[in-house]
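**Student:** Just one file: data08.cif, with mmCIF, C-alpha atoms.
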data_coords
#
loop_
_atom_site.label_atom_id
_atom_site.label_comp_id
_atom_site.auth_asym_id
_atom_site.auth_seq_id
_atom_site.Cartn_x
_atom_site.Cartn_y
_atom_site.Cartn_z
CA MET A 43 11.94 16.81 25.57
CA ALA A 44 13.71 13.45 25.49
CA SER A 45 11.67 12.49 22.45
CA SER A 46 12.56 15.62 20.50
CA GLN A 47 16.22 15.10 21.47
CA ASN A 48 15.99 11.53 20.18
CA ASN A 49 14.46 12.72 16.91
CA ARG A 50 17.18 15.30 16.49
CA ASN A 51 19.86 12.67 17.11
CA GLN A 52 18.26 10.39 14.53
CA ALA A 53 18.21 13.24 12.02
CA ASP A 54 21.84 14.17 12.56
CA GLY A 55 23.92 11.25 11.27
CA GLY A 56 24.09 9.27 8.01
CA PHE A 57 22.51 9.65 4.61
CA VAL A 58 19.11 11.22 5.22
CA TYR A 59 17.43 9.66 2.16
CA LEU A 60 18.53 6.08 2.94
CA PRO A 61 15.22 5.06 4.64
CA LEU A 62 13.26 6.58 1.76
CA ILE A 63 15.22 4.68 -0.89
CA ALA A 64 15.38 1.44 1.12
CA GLY A 65 11.66 1.67 1.86
CA TRP A 66 10.90 2.10 -1.82
CA LEU A 67 13.14 -0.79 -2.94
CA VAL A 68 12.00 -3.24 -0.23
CA PRO A 69 8.63 -2.73 1.52
CA GLY A 70 9.13 -1.95 5.23
CA ALA A 71 12.93 -1.70 4.97
CA GLY A 72 12.92 2.05 5.69
CA HIS A 73 11.17 1.44 9.01
CA PHE A 74 13.45 -1.50 9.84
CA LEU A 75 16.48 0.78 9.33
CA LEU A 76 14.97 3.16 11.90
CA ARG A 77 14.35 0.24 14.30
CA LYS A 78 10.57 0.56 13.99
CA TRP A 79 10.21 -3.21 13.86
CA GLY A 80 6.47 -3.49 14.48
CA ARG A 81 5.46 -0.80 12.01
CA GLY A 82 7.91 -2.14 9.43
CA ALA A 83 6.60 -5.69 9.76
CA LEU A 84 2.97 -4.58 9.39
CA LEU A 85 3.75 -2.40 6.38
CA ALA A 86 5.86 -5.11 4.74
CA GLY A 87 3.16 -7.73 5.39
CA SER A 88 0.40 -5.53 3.98
CA ILE A 89 2.27 -4.42 0.86
CA LEU A 90 3.76 -7.85 0.13
CA GLY A 91 0.39 -9.47 0.79
CA MET A 92 -1.37 -7.12 -1.60
CA PHE A 93 1.27 -7.62 -4.31
CA VAL A 94 1.33 -11.42 -3.97
CA ILE A 95 -2.47 -11.65 -4.00
CA GLY A 96 -2.50 -9.43 -7.09
CA ILE A 97 -0.07 -11.78 -8.85
CA ALA A 98 -2.05 -14.83 -7.66
CA MET A 99 -5.21 -13.28 -9.13
CA GLN A 100 -3.35 -13.20 -12.47
CA GLY A 101 -3.07 -9.44 -12.47
CA LYS A 102 -1.08 -7.71 -15.17
CA LEU A 103 2.34 -6.12 -14.62
CA TYR A 104 2.58 -3.04 -16.83
CA ALA A 105 5.65 -3.24 -19.06
CA GLY A 106 5.37 0.06 -20.91
CA ALA A 107 3.13 2.99 -21.64
CA HIS A 108 0.89 2.84 -24.72
CA ASP A 109 -1.65 5.38 -23.49
CA ILE A 110 -2.22 7.60 -20.46
CA LEU A 111 -3.90 4.87 -18.39
CA ASP A 112 -1.03 2.46 -19.08
CA MET A 113 1.38 5.20 -18.06
CA LEU A 114 -0.39 5.70 -14.72
CA GLY A 115 -0.51 1.93 -14.12
CA PHE A 116 3.18 1.63 -14.97
CA ALA A 117 4.03 4.45 -12.53
CA GLY A 118 2.02 2.68 -9.82
CA ASP A 119 3.76 -0.63 -10.52
CA LEU A 120 7.19 1.03 -10.29
CA GLY A 121 6.29 2.01 -6.71
CA ASN A 122 6.80 -1.65 -5.77
CA GLY A 123 10.57 -1.23 -6.24
CA LEU A 124 12.49 -4.51 -6.39
CA LEU A 125 9.26 -6.54 -6.16
CA TYR A 126 8.35 -5.23 -9.61
CA VAL A 127 11.82 -5.83 -11.07
CA VAL A 128 12.06 -9.38 -9.69
CA SER A 129 8.52 -10.26 -10.77
CA ARG A 130 9.12 -8.97 -14.29
CA ALA A 131 12.40 -10.86 -14.49
CA ALA A 132 10.66 -14.04 -13.30
CA GLY A 133 7.89 -13.60 -15.86
CA LEU A 134 5.15 -13.36 -13.24
CA GLY A 135 1.85 -11.63 -13.90
CA ALA A 136 -0.45 -12.02 -16.86
CA ASP A 137 0.31 -10.42 -20.24
CA GLN A 138 -3.37 -9.84 -20.90
CA VAL A 139 -6.25 -9.78 -18.44
CA THR A 140 -8.76 -12.44 -19.45
CA GLN A 141 -10.99 -12.67 -16.39
CA THR A 142 -12.55 -10.39 -13.80
CA THR A 143 -10.26 -11.43 -10.94
CA GLY A 144 -7.29 -10.60 -13.19
CA ASP A 145 -8.57 -7.04 -13.42
CA TYR A 146 -8.85 -6.87 -9.62
CA GLY A 147 -5.34 -8.33 -9.41
CA THR A 148 -3.96 -5.60 -11.67
CA ARG A 149 -5.44 -2.95 -9.33
CA PHE A 150 -4.04 -4.76 -6.27
CA ILE A 151 -0.53 -4.60 -7.78
CA VAL A 152 -0.81 -0.91 -8.68
CA VAL A 153 -2.21 0.03 -5.25
CA ALA A 154 0.50 -2.02 -3.50
CA GLY A 155 3.03 0.17 -5.32
CA LEU A 156 1.27 3.38 -4.29
CA LEU A 157 1.02 2.22 -0.66
CA ASN A 158 4.74 1.37 -0.76
CA VAL A 159 5.52 4.95 -1.83
CA ILE A 160 3.41 6.30 1.08
CA SER A 161 5.26 3.93 3.42
CA ALA A 162 8.69 5.04 2.12
CA VAL A 163 7.76 8.72 2.56
CA ASP A 164 6.63 7.91 6.13
CA ALA A 165 10.06 6.36 6.81
CA HIS A 166 11.67 9.55 5.47
CA ASN A 167 9.50 11.67 7.77
CA LEU A 168 10.54 9.53 10.73
CA ARG A 169 14.18 9.91 9.69
CA THR A 170 14.02 13.70 9.48
CA GLY A 171 12.15 13.95 12.79
CA ARG A 172 9.01 15.38 11.17
CA LYS A 173 7.09 12.42 12.61
CA ARG A 174 7.59 10.36 15.79
CA MET B 51 -4.51 -19.37 -8.83
CA PHE B 52 -6.63 -17.30 -6.50
CA HIS B 53 -10.19 -16.38 -7.45
CA PRO B 54 -11.89 -14.54 -4.58
CA SER B 55 -15.44 -13.23 -4.72
CA HIS B 56 -15.92 -9.51 -5.32
CA PHE B 57 -16.71 -8.98 -1.62
CA ALA B 58 -13.65 -10.98 -0.46
CA ALA B 59 -11.49 -8.85 -2.78
CA VAL B 60 -12.99 -5.68 -1.25
CA VAL B 61 -12.31 -6.92 2.30
CA LEU B 62 -8.70 -7.87 1.47
CA PHE B 63 -8.11 -4.54 -0.27
CA ALA B 64 -9.62 -2.63 2.65
CA LEU B 65 -7.59 -4.59 5.20
CA PHE B 66 -4.20 -3.98 3.58
CA ALA B 67 -4.87 -0.35 2.66
CA SER B 68 -6.23 0.44 6.14
CA VAL B 69 -3.15 -0.99 7.87
CA VAL B 70 -0.87 1.22 5.76
CA PHE B 71 -3.08 4.31 6.16
CA GLY B 72 -3.31 3.81 9.93
CA ILE B 73 0.45 3.48 10.41
CA THR B 74 1.47 6.28 8.06
CA GLN B 75 -1.17 8.90 8.82
CA ARG B 76 -1.13 8.90 12.64
CA ASP B 77 1.58 9.25 15.31
CA THR B 78 0.64 7.10 18.30
CA PRO B 79 -0.24 3.37 18.28
CA ARG B 80 -3.69 3.99 19.74
CA ARG B 81 -4.55 6.58 17.11
CA MET B 82 -3.11 4.34 14.38
CA VAL B 83 -5.44 1.50 15.36
CA ARG B 84 -8.45 3.81 15.54
CA TYR B 85 -7.74 5.42 12.19
CA GLY B 86 -7.05 2.03 10.58
CA LEU B 87 -10.40 0.71 11.82
CA TYR B 88 -12.11 3.90 10.64
CA CYS B 89 -10.62 3.51 7.13
CA PHE B 90 -11.56 -0.19 7.03
CA VAL B 91 -15.18 0.52 7.95
CA LEU B 92 -15.37 3.34 5.39
CA PHE B 93 -13.86 1.18 2.62
CA VAL B 94 -16.17 -1.80 3.22
CA GLY B 95 -19.20 0.31 4.16
CA SER B 96 -18.96 2.50 1.07
CA ALA B 97 -18.58 -0.59 -1.15
CA ILE B 98 -21.75 -2.11 0.34
CA VAL B 99 -23.73 1.15 0.05
CA LEU B 100 -22.61 1.77 -3.55
CA SER B 101 -23.43 -1.84 -4.45
CA TRP B 102 -27.01 -1.39 -3.23
CA VAL B 103 -27.28 1.97 -5.05
CA MET B 104 -26.16 0.33 -8.31
CA TYR B 105 -28.55 -2.60 -7.68
CA PHE B 106 -31.54 -0.24 -7.45
CA ILE B 107 -30.36 1.86 -10.41
CA ALA B 108 -30.14 -1.29 -12.56
CA ARG B 109 -33.71 -2.40 -11.70
#
Can I see the file as C-alpha coordinates?

**Tutor:**
Amino acid sequence: MASSQNNRNQADGGFVYLPLIAGWLVPGAGHFLLRKWGRGALLAGSILGMFVIGIAMQGKLYAGAHDILDMLGFAGDLGNGLLYVVSRAAGLGADQVTQTTGDYGTRFIVVAGLLNVISAVDAHNLRTGRKR
Amino acid sequence: MFHPSHFAAVVLFALFASVVFGITQRDTPRRMVRYGLYCFVLFVGSAIVLSWVMYFIAR
(Lines of atoms letter the chains of each structure in order from A and count residues from 1; the text may use other names and numbers.)
(Lines give C-alpha, C1' and ligand atoms only; values in the text may rest on other atoms or scores of the structure.)
Protein backbone atom coordinates (compact mmCIF):
# COMPACT_ATOMS: atom_id res chain seq x y z
CA MET A 1 0.00 0.00 0.00
CA ALA A 2 2.70 2.45 1.09
CA SER A 3 4.86 1.28 -1.80
CA SER A 4 2.17 1.81 -4.42
CA GLN A 5 1.46 5.24 -2.91
CA ASN A 6 5.16 6.06 -3.16
CA ASN A 7 5.24 4.94 -6.80
CA ARG A 8 2.20 7.05 -7.58
CA ASN A 9 3.81 10.08 -5.93
CA GLN A 10 6.98 9.54 -7.95
CA ALA A 11 4.93 9.33 -11.14
CA ASP A 12 2.98 12.49 -10.44
CA GLY A 13 5.46 15.38 -10.60
CA GLY A 14 8.05 16.59 -13.13
CA PHE A 15 8.93 15.63 -16.67
CA VAL A 16 8.22 11.92 -16.95
CA TYR A 17 10.86 11.23 -19.63
CA LEU A 18 13.72 12.93 -17.75
CA PRO A 19 15.14 9.68 -16.25
CA LEU A 20 14.92 8.00 -19.66
CA ILE A 21 16.82 10.80 -21.41
CA ALA A 22 19.32 11.29 -18.57
CA GLY A 23 19.91 7.54 -18.39
CA TRP A 24 20.60 7.41 -22.11
CA LEU A 25 22.97 10.40 -22.10
CA VAL A 26 24.91 9.35 -18.97
CA PRO A 27 24.90 5.68 -17.85
CA GLY A 28 23.15 5.30 -14.48
CA ALA A 29 21.98 8.93 -14.33
CA GLY A 30 18.30 7.94 -14.69
CA HIS A 31 18.54 5.79 -11.57
CA PHE A 32 20.48 8.46 -9.68
CA LEU A 33 17.68 10.95 -10.43
CA LEU A 34 15.24 8.50 -8.84
CA ARG A 35 17.55 8.10 -5.81
CA LYS A 36 18.32 4.47 -6.65
CA TRP A 37 21.97 4.99 -5.77
CA GLY A 38 23.07 1.36 -5.56
CA ARG A 39 21.42 0.26 -8.79
CA GLY A 40 22.64 3.38 -10.57
CA ALA A 41 26.23 2.85 -9.43
CA LEU A 42 26.24 -0.80 -10.53
CA LEU A 43 24.71 0.03 -13.91
CA ALA A 44 27.09 2.96 -14.46
CA GLY A 45 30.09 0.84 -13.44
CA SER A 46 29.10 -2.02 -15.73
CA ILE A 47 28.32 0.10 -18.79
CA LEU A 48 31.30 2.43 -18.34
CA GLY A 49 33.55 -0.56 -17.67
CA MET A 50 32.39 -2.32 -20.81
CA PHE A 51 32.81 0.83 -22.93
CA VAL A 52 36.27 1.66 -21.55
CA ILE A 53 37.49 -1.91 -21.98
CA GLY A 54 36.17 -1.86 -25.54
CA ILE A 55 38.14 1.32 -26.27
CA ALA A 56 41.23 -0.12 -24.52
CA MET A 57 40.97 -3.21 -26.74
CA GLN A 58 41.20 -0.82 -29.71
CA GLY A 59 37.62 -1.39 -30.73
CA LYS A 60 36.12 0.63 -33.55
CA LEU A 61 33.61 3.45 -33.04
CA TYR A 62 31.19 3.41 -35.98
CA ALA A 63 31.10 6.81 -37.68
CA GLY A 64 28.54 6.16 -40.39
CA ALA A 65 26.57 3.49 -42.18
CA HIS A 66 28.04 1.96 -45.34
CA ASP A 67 26.04 -1.26 -45.19
CA ILE A 68 23.39 -2.86 -42.99
CA LEU A 69 25.89 -4.26 -40.46
CA ASP A 70 27.54 -0.84 -40.10
CA MET A 71 24.11 0.66 -39.60
CA LEU A 72 23.31 -1.77 -36.77
CA GLY A 73 26.71 -1.16 -35.16
CA PHE A 74 26.22 2.59 -35.44
CA ALA A 75 22.78 2.33 -33.80
CA GLY A 76 24.31 0.29 -30.97
CA ASP A 77 27.12 2.82 -30.50
CA LEU A 78 24.61 5.68 -30.32
CA GLY A 79 23.07 3.94 -27.30
CA ASN A 80 26.12 5.07 -25.32
CA GLY A 81 24.85 8.66 -25.43
CA LEU A 82 27.44 11.26 -24.42
CA LEU A 83 30.13 8.58 -24.03
CA TYR A 84 29.98 8.06 -27.79
CA VAL A 85 29.98 11.79 -28.59
CA VAL A 86 32.90 12.55 -26.26
CA SER A 87 34.92 9.56 -27.47
CA ARG A 88 34.39 10.51 -31.11
CA ALA A 89 35.35 14.11 -30.38
CA ALA A 90 38.49 12.92 -28.56
CA GLY A 91 39.42 10.66 -31.47
CA LEU A 92 39.29 7.49 -29.37
CA GLY A 93 38.71 4.07 -30.88
CA ALA A 94 40.39 2.51 -33.88
CA ASP A 95 39.51 3.52 -37.45
CA GLN A 96 40.09 -0.01 -38.68
CA VAL A 97 40.20 -3.24 -36.71
CA THR A 98 43.60 -4.86 -37.24
CA GLN A 99 43.66 -7.51 -34.53
CA THR A 100 41.33 -10.01 -32.89
CA THR A 101 41.00 -8.12 -29.60
CA GLY A 102 39.99 -5.04 -31.61
CA ASP A 103 37.05 -7.01 -32.98
CA TYR A 104 36.06 -8.03 -29.43
CA GLY A 105 36.44 -4.38 -28.40
CA THR A 106 34.07 -3.25 -31.15
CA ARG A 107 31.43 -5.69 -29.84
CA PHE A 108 32.01 -4.52 -26.25
CA ILE A 109 31.30 -0.92 -27.30
CA VAL A 110 28.14 -1.83 -29.23
CA VAL A 111 26.81 -4.03 -26.40
CA ALA A 112 27.60 -1.30 -23.83
CA GLY A 113 25.31 0.97 -25.86
CA LEU A 114 22.53 -1.63 -25.98
CA LEU A 115 22.81 -2.28 -22.23
CA ASN A 116 22.64 1.48 -21.65
CA VAL A 117 19.35 1.63 -23.56
CA ILE A 118 17.96 -1.24 -21.43
CA SER A 119 19.11 0.63 -18.32
CA ALA A 120 17.48 3.90 -19.44
CA VAL A 121 14.18 2.12 -20.16
CA ASP A 122 14.38 0.54 -16.67
CA ALA A 123 14.76 4.04 -15.18
CA HIS A 124 11.68 5.12 -17.15
CA ASN A 125 9.72 2.14 -15.81
CA LEU A 126 10.74 3.06 -12.27
CA ARG A 127 9.67 6.66 -12.92
CA THR A 128 6.22 5.70 -14.20
CA GLY A 129 5.68 3.23 -11.35
CA ARG A 130 5.57 0.21 -13.67
CA LYS A 131 8.49 -1.23 -11.70
CA ARG A 132 9.52 -0.89 -8.04
CA MET B 1 46.40 -1.25 -24.67
CA PHE B 2 44.46 -4.17 -23.29
CA HIS B 3 44.77 -7.61 -24.88
CA PRO B 4 42.82 -10.17 -22.86
CA SER B 5 42.57 -13.84 -23.80
CA HIS B 6 39.36 -15.01 -25.46
CA PHE B 7 38.19 -16.58 -22.18
CA ALA B 8 38.97 -13.43 -20.16
CA ALA B 9 36.97 -11.40 -22.69
CA VAL B 10 34.03 -13.82 -22.31
CA VAL B 11 34.16 -13.57 -18.50
CA LEU B 12 34.29 -9.74 -18.58
CA PHE B 13 31.44 -9.59 -21.10
CA ALA B 14 29.35 -12.01 -19.03
CA LEU B 15 30.04 -10.11 -15.80
CA PHE B 16 28.97 -6.70 -17.10
CA ALA B 17 25.97 -7.97 -19.08
CA SER B 18 24.76 -10.10 -16.14
CA VAL B 19 24.86 -7.16 -13.73
CA VAL B 20 22.70 -5.07 -16.08
CA PHE B 21 20.31 -7.95 -16.83
CA GLY B 22 19.93 -8.77 -13.12
CA ILE B 23 19.13 -5.19 -12.11
CA THR B 24 16.81 -4.39 -15.01
CA GLN B 25 14.88 -7.64 -15.34
CA ARG B 26 13.95 -8.32 -11.69
CA ASP B 27 12.26 -6.32 -8.92
CA THR B 28 13.80 -7.29 -5.59
CA PRO B 29 17.53 -7.30 -4.68
CA ARG B 30 17.51 -11.02 -3.87
CA ARG B 31 15.94 -11.92 -7.21
CA MET B 32 18.31 -9.53 -9.01
CA VAL B 33 21.34 -11.31 -7.57
CA ARG B 34 19.94 -14.74 -8.40
CA TYR B 35 19.05 -13.79 -11.96
CA GLY B 36 22.42 -12.07 -12.46
CA LEU B 37 24.25 -15.22 -11.32
CA TYR B 38 22.00 -17.34 -13.54
CA CYS B 39 22.81 -15.18 -16.59
CA PHE B 40 26.54 -15.23 -15.77
CA VAL B 41 26.61 -19.02 -15.54
CA LEU B 42 24.64 -19.35 -18.78
CA PHE B 43 26.93 -16.91 -20.64
CA VAL B 44 30.18 -18.57 -19.52
CA GLY B 45 28.78 -22.11 -19.58
CA SER B 46 27.41 -21.79 -23.10
CA ALA B 47 30.73 -20.32 -24.31
CA ILE B 48 32.63 -23.30 -22.85
CA VAL B 49 30.18 -25.87 -24.28
CA LEU B 50 30.16 -24.26 -27.74
CA SER B 51 33.97 -24.07 -27.70
CA TRP B 52 34.20 -27.82 -27.10
CA VAL B 53 31.58 -28.49 -29.80
CA MET B 54 33.59 -26.44 -32.31
CA TYR B 55 36.81 -28.19 -31.19
CA PHE B 56 35.34 -31.62 -31.99
CA ILE B 57 33.77 -30.40 -35.25
CA ALA B 58 37.17 -29.09 -36.39
CA ARG B 59 38.95 -32.42 -35.70

**Student:** Once the PyMOL selection byres ((chain A) within 12 of (chain B)) has been evaluated on this model, what residues remain selected, and can you format them as a PyMOL selection string?

**Tutor:** chain A and resi 69-70+73+78+80-101+135-136+141-147+149-168+171-174

**Student:** What is the atom CA of B:Arg81-atom CA of B:Val94 distance in Å, reported with one decimal?

**Tutor:**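 Atom-to-atom, atom CA of B:Arg81 to atom CA of B:Val94, that is 20.0 Å.
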
**Student:** Return as a PyMOL selection string the set of residues that the PyMOL selection byres ((chain A and resi 120) around 12) yields on the displayed structure.

**Tutor:** chain A and resi 66-68+103-106+113-119+121-130+151-159

**Student:** Tell me which protein, DNA and RNA residues are within 7 Å of A:Gly72, counting all atoms listed in the file, leaving out same-chain ones fewer than 4 positions away, and put them as an NGL selection string.

**Tutor:** :A and (61-62 or 64-65 or 76 or 162 or 165)

**Student:** Could I get stretch 161-172 of chain A rebuilt with all heavy atoms, written as a PDB file, keeping the file's coordinate frame?

**Tutor:**
ATOM      1  N   SER A 161       4.490   4.512   2.323  1.00  0.00           N
ATOM      2  CA  SER A 161       5.260   3.930   3.420  1.00  0.00           C
ATOM      3  C   SER A 161       6.705   4.448   3.411  1.00  0.00           C
ATOM      4  O   SER A 161       7.272   4.764   4.472  1.00  0.00           O
ATOM      5  CB  SER A 161       5.210   2.405   3.277  1.00  0.00           C
ATOM      6  OG  SER A 161       6.223   1.804   3.968  1.00  0.00           O
ATOM      7  N   ALA A 162       7.312   4.554   2.224  1.00  0.00           N
ATOM      8  CA  ALA A 162       8.690   5.040   2.120  1.00  0.00           C
ATOM      9  C   ALA A 162       8.775   6.514   2.550  1.00  0.00           C
ATOM     10  O   ALA A 162       9.715   6.912   3.241  1.00  0.00           O
ATOM     11  CB  ALA A 162       9.193   4.876   0.689  1.00  0.00           C
ATOM     12  N   VAL A 163       7.772   7.307   2.159  1.00  0.00           N
ATOM     13  CA  VAL A 163       7.760   8.720   2.560  1.00  0.00           C
ATOM     14  C   VAL A 163       7.581   8.829   4.081  1.00  0.00           C
ATOM     15  O   VAL A 163       8.190   9.690   4.735  1.00  0.00           O
ATOM     16  CB  VAL A 163       6.640   9.489   1.815  1.00  0.00           C
ATOM     17  CG1 VAL A 163       6.452  10.883   2.386  1.00  0.00           C
ATOM     18  CG2 VAL A 163       6.964   9.570   0.332  1.00  0.00           C
ATOM     19  N   ASP A 164       6.796   7.924   4.675  1.00  0.00           N
ATOM     20  CA  ASP A 164       6.630   7.910   6.130  1.00  0.00           C
ATOM     21  C   ASP A 164       7.966   7.618   6.809  1.00  0.00           C
ATOM     22  O   ASP A 164       8.308   8.261   7.821  1.00  0.00           O
ATOM     23  CB  ASP A 164       5.589   6.852   6.506  1.00  0.00           C
ATOM     24  CG  ASP A 164       5.266   6.865   7.994  1.00  0.00           C
ATOM     25  OD1 ASP A 164       4.768   7.910   8.469  1.00  0.00           O
ATOM     26  OD2 ASP A 164       5.524   5.852   8.676  1.00  0.00           O
ATOM     27  N   ALA A 165       8.734   6.671   6.254  1.00  0.00           N
ATOM     28  CA  ALA A 165      10.060   6.360   6.810  1.00  0.00           C
ATOM     29  C   ALA A 165      10.963   7.598   6.725  1.00  0.00           C
ATOM     30  O   ALA A 165      11.721   7.886   7.654  1.00  0.00           O
ATOM     31  CB  ALA A 165      10.686   5.193   6.057  1.00  0.00           C
ATOM     32  N   HIS A 166      10.872   8.324   5.618  1.00  0.00           N
ATOM     33  CA  HIS A 166      11.670   9.550   5.470  1.00  0.00           C
ATOM     34  C   HIS A 166      11.263  10.587   6.515  1.00  0.00           C
ATOM     35  O   HIS A 166      12.122  11.247   7.114  1.00  0.00           O
ATOM     36  CB  HIS A 166      11.471  10.108   4.055  1.00  0.00           C
ATOM     37  CG  HIS A 166      12.217  11.373   3.803  1.00  0.00           C
ATOM     38  ND1 HIS A 166      13.591  11.443   3.788  1.00  0.00           N
ATOM     39  CD2 HIS A 166      11.777  12.636   3.575  1.00  0.00           C
ATOM     40  CE1 HIS A 166      13.965  12.686   3.562  1.00  0.00           C
ATOM     41  NE2 HIS A 166      12.883  13.430   3.425  1.00  0.00           N
ATOM     42  N   ASN A 167       9.960  10.718   6.757  1.00  0.00           N
ATOM     43  CA  ASN A 167       9.500  11.670   7.770  1.00  0.00           C
ATOM     44  C   ASN A 167       9.973  11.288   9.168  1.00  0.00           C
ATOM     45  O   ASN A 167      10.301  12.153   9.981  1.00  0.00           O
ATOM     46  CB  ASN A 167       7.965  11.763   7.758  1.00  0.00           C
ATOM     47  CG  ASN A 167       7.456  12.527   6.551  1.00  0.00           C
ATOM     48  OD1 ASN A 167       8.184  13.332   5.976  1.00  0.00           O
ATOM     49  ND2 ASN A 167       6.216  12.275   6.164  1.00  0.00           N
ATOM     50  N   LEU A 168      10.014   9.993   9.440  1.00  0.00           N
ATOM     51  CA  LEU A 168      10.540   9.530  10.730  1.00  0.00           C
ATOM     52  C   LEU A 168      12.028   9.861  10.827  1.00  0.00           C
ATOM     53  O   LEU A 168      12.527  10.271  11.872  1.00  0.00           O
ATOM     54  CB  LEU A 168      10.340   8.021  10.872  1.00  0.00           C
ATOM     55  CG  LEU A 168       8.912   7.553  11.138  1.00  0.00           C
ATOM     56  CD1 LEU A 168       8.805   6.043  10.934  1.00  0.00           C
ATOM     57  CD2 LEU A 168       8.486   7.908  12.547  1.00  0.00           C
ATOM     58  N   ARG A 169      12.731   9.675   9.713  1.00  0.00           N
ATOM     59  CA  ARG A 169      14.180   9.910   9.690  1.00  0.00           C
ATOM     60  C   ARG A 169      14.526  11.376   9.927  1.00  0.00           C
ATOM     61  O   ARG A 169      15.486  11.710  10.615  1.00  0.00           O
ATOM     62  CB  ARG A 169      14.727   9.456   8.324  1.00  0.00           C
ATOM     63  CG  ARG A 169      16.197   9.731   8.095  1.00  0.00           C
ATOM     64  CD  ARG A 169      17.059   8.897   9.030  1.00  0.00           C
ATOM     65  NE  ARG A 169      18.470   9.153   8.821  1.00  0.00           N
ATOM     66  CZ  ARG A 169      19.126  10.198   9.316  1.00  0.00           C
ATOM     67  NH1 ARG A 169      18.494  11.074  10.061  1.00  0.00           N
ATOM     68  NH2 ARG A 169      20.407  10.359   9.093  1.00  0.00           N
ATOM     69  N   THR A 170      13.728  12.270   9.334  1.00  0.00           N
ATOM     70  CA  THR A 170      14.020  13.700   9.480  1.00  0.00           C
ATOM     71  C   THR A 170      13.476  14.273  10.780  1.00  0.00           C
ATOM     72  O   THR A 170      13.724  15.427  11.093  1.00  0.00           O
ATOM     73  CB  THR A 170      13.419  14.500   8.309  1.00  0.00           C
ATOM     74  OG1 THR A 170      12.015  14.243   8.250  1.00  0.00           O
ATOM     75  CG2 THR A 170      14.059  14.117   6.992  1.00  0.00           C
ATOM     76  N   GLY A 171      12.706  13.477  11.530  1.00  0.00           N
ATOM     77  CA  GLY A 171      12.150  13.950  12.790  1.00  0.00           C
ATOM     78  C   GLY A 171      10.837  14.688  12.632  1.00  0.00           C
ATOM     79  O   GLY A 171      10.297  15.230  13.588  1.00  0.00           O
ATOM     80  N   ARG A 172      10.295  14.712  11.408  1.00  0.00           N
ATOM     81  CA  ARG A 172       9.010  15.380  11.170  1.00  0.00           C
ATOM     82  C   ARG A 172       7.866  14.591  11.821  1.00  0.00           C
ATOM     83  O   ARG A 172       6.825  15.126  12.134  1.00  0.00           O
ATOM     84  CB  ARG A 172       8.771  15.511   9.675  1.00  0.00           C
ATOM     85  CG  ARG A 172       7.707  16.514   9.313  1.00  0.00           C
ATOM     86  CD  ARG A 172       7.592  16.651   7.815  1.00  0.00           C
ATOM     87  NE  ARG A 172       8.825  17.152   7.217  1.00  0.00           N
ATOM     88  CZ  ARG A 172       9.160  16.993   5.940  1.00  0.00           C
ATOM     89  NH1 ARG A 172       8.363  16.349   5.129  1.00  0.00           N
ATOM     90  NH2 ARG A 172      10.284  17.491   5.474  1.00  0.00           N
TER      91      ARG A 172
END
